[in-house]
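This report concerns only the one structure given below.
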Amino acid sequence: MSTTQTITTSTTTETTPQELVTTIRCCSGCSSQQSDEQKHLHEKLMKRAIDLSKESCNDHGNHPFGALLIDNDTNEIILEAHNTVHTENDRTRHAELNLSSMASKKYPRDYLTNCTMYTSTEPCIMCAGAIFWVGIGKVVYACPASRLREIVRRKQDGNNLKNSGSLTIACREIFEERSEGLNIPLIGPIMEEEAAAVHESYW
Ligand SMILES: [Zn+2]
């Protein structure tokens with residue numbers, strides 16, 4: 001867990017991860033090129049999302065997924081969330097769903113359209129639906145859903161998928177093809193190998 005940020009996903013009473021506010025800034029050695037700055041910002045924020053995925057499993061015993069939300073104008077992290085499937089005994093509590101619920105309770109839809117979610121793994125369609133209804137404007141992901149399925153299938157020899165199933169419809173279909181009134185850009189994969197390594201060591 002970060003020494004400067006205090007996110008506490010209680011294993012007992014909290015229903016959602018604690019929100020926090022942190023400013024992510026590029027390092028002093030950053031290029032002045034806008035594209036390089038954007039790339040560096042993506043990686044900085046995604047590293048934090050991947051760290052959240054590690055915390056979910058290592059610190060709280062949940063599945064290894066993490067997500068955060070930034071304000072596009074300030075690049076400030078305004079919310080963070082873990083997966084809480086086990087601690088809340090609720091199989092729908094994916095990190096992106098937790099984050100969407102927190103965002104919906106705290107901010108108006110108009111504000112959220114100018115926010116970006118960074119998530120350690122490409123969202124499932126349940127979470128994609130929540131992201132759509134809440135109004136979050138953009139999504140950046142690290143590990144593709146297809147890569148996650150491949151890892152789980154290989155590591156568990158298909159047993160887990162046989163028991164729990166897997167959604168194979170891509171969130172891009174919700175964001176870009178089957179939604180009306182809000183087209184949600186999907187960016188990724190970014191830092192795929194780092195995010196996939198977390199799944200490799202978990203499943
Ligand atoms: Zn999900």
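Just remember, in the structure tokens the first chain shown is A, the second B, etc., residues are 1-based per chain, and ligands are 1-based in the order shown.
A distance cut-off of 8 Å from ligand 1, applied to only C-alpha atoms and all ligand atoms, picks out the residues Thr92, Arg93, His94, Ala95, Glu96, Leu97, Pro123, Cys124, Ile125, Met126, Cys127 and Ala128 of chain A.
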With only C-alpha atoms counted and 9 Å as the cut-off, give the residues of range 66-149 of chain A in contact with range 187-196 of chain A, each with its shortest interatomic distance in Å and the pair that gives it, as a tab-separated table.
residue	atom	partner	partner_atom	distance
A:Ser120	CA	A:Ala195	CA	6.1
A:Thr121	CA	A:Ala195	CA	7.2
A:Glu122	CA	A:Pro189	CA	8.1
A:Lys138	CA	A:Ile187	CA	8.0
A:Val139	CA	A:Ile187	CA	6.2
A:Val140	CA	A:Ile187	CA	4.6
A:Tyr141	CA	A:Gly188	CA	5.1
A:Ala142	CA	A:Ile190	CA	4.6
A:Cys143	CA	A:Glu192	CA	4.6
A:Pro144	CA	A:Pro189	CA	6.2
A:Arg147	CA	A:Ala196	CA	7.5
A:Leu148	CA	A:Ala196	CA	7.2
Quick one: pull the distance between CA of Leu69 in chain A and CA of Val85 in chain A, Å, one decimal.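 Computed distance, CA of Leu69 in chain A to CA of Val85 in chain A, equals 19.8 Å.
Every protein, DNA or RNA residue with an atom at most 12 Å from Asp73 in chain A, where only C-alpha atoms count and chain neighbours fewer than 6 positions away do not, is listed here: Thr23, Tyr111, Leu112, Thr113, Asn114, Cys115 and Thr116 of chain A.
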Please write the residues from the selection above to a file, keeping C-alpha atoms, as a CSV table (one decimal), in the first residue's frame.
chain,number,residue,atom,x,y,z
A,23,THR,CA,-2.6,14.4,-7.8
A,111,TYR,CA,-19.1,16.0,-14.5
A,112,LEU,CA,-18.4,12.3,-15.0
A,113,THR,CA,-18.5,12.7,-18.8
A,114,ASN,CA,-15.2,14.6,-18.4
A,115,CYS,CA,-13.6,11.9,-16.3
A,116,THR,CA,-11.6,8.8,-17.3
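Residues of range 42-102 of chain A assigned to strand (DSSP E or B) by DSSP on this structure's backbone: Gly66, Ala67, Leu68, Leu69, Ile70, Asp71, Glu76, Ile77, Ile78, Leu79, Glu80, Ala81 and His82 of chain A.
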What's the 9 Å shell around Phe175 in chain A, counting only C-alpha atoms, without same-chain residues fewer than 2 positions away, as a CSV table (one decimal) with N, CA and C atoms, in the first residue's frame?
chain,number,residue,atom,x,y,z
A,128,ALA,N,-19.3,-2.6,-17.9
A,128,ALA,CA,-19.5,-1.6,-19.0
A,128,ALA,C,-20.9,-1.0,-19.0
A,129,GLY,N,-21.9,-1.8,-18.7
A,129,GLY,CA,-23.2,-1.2,-18.5
A,129,GLY,C,-23.3,-0.2,-17.4
A,131,ILE,N,-20.8,1.6,-16.3
A,131,ILE,CA,-20.0,2.8,-16.7
A,131,ILE,C,-20.8,3.6,-17.6
A,132,PHE,N,-21.6,3.0,-18.5
A,132,PHE,CA,-22.5,3.7,-19.4
A,132,PHE,C,-23.6,4.5,-18.6
A,171,CYS,N,-16.6,-5.4,-24.0
A,171,CYS,CA,-17.2,-4.1,-23.5
A,171,CYS,C,-17.2,-3.1,-24.6
A,172,ARG,N,-16.3,-3.2,-25.6
A,172,ARG,CA,-16.3,-2.2,-26.7
A,172,ARG,C,-17.7,-2.2,-27.5
A,173,GLU,N,-18.4,-3.4,-27.5
A,173,GLU,CA,-19.7,-3.4,-28.1
A,173,GLU,C,-20.7,-2.5,-27.4
A,177,GLU,N,-20.8,0.5,-29.9
A,177,GLU,CA,-21.7,0.0,-30.9
A,177,GLU,C,-23.1,-0.1,-30.5
A,178,ARG,N,-23.4,-0.4,-29.2
A,178,ARG,CA,-24.8,-0.7,-28.9
A,178,ARG,C,-25.4,0.3,-27.9
A,179,SER,N,-24.7,1.5,-27.7
A,179,SER,CA,-25.2,2.5,-26.9
A,179,SER,C,-25.7,3.7,-27.7
A,182,LEU,N,-24.2,8.2,-25.9
A,182,LEU,CA,-22.9,8.3,-25.2
A,182,LEU,C,-22.0,7.3,-25.8
A,183,ASN,N,-21.1,7.8,-26.6
A,183,ASN,CA,-20.0,6.9,-27.2
A,183,ASN,C,-18.8,7.0,-26.3
A,184,ILE,N,-18.4,5.9,-25.7
A,184,ILE,CA,-17.3,5.9,-24.7
A,184,ILE,C,-16.0,5.4,-25.3
A,185,PRO,N,-15.0,6.3,-25.6
A,185,PRO,CA,-13.7,5.8,-26.1
A,185,PRO,C,-13.1,4.8,-25.2
A,186,LEU,N,-12.5,3.7,-25.8
A,186,LEU,CA,-11.9,2.7,-25.0
A,186,LEU,C,-10.4,2.6,-25.5
How many Å lie between CA of Asn98 in chain A and CA of Asn72 in chain A, rounded to one decimal?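 Between these atoms lies a distance of 20.0 Å.
For the atom pair formed by CA of Asp90 in chain A and CA of Gly61 in chain A, the distance is 13.4 Å, given to one decimal.
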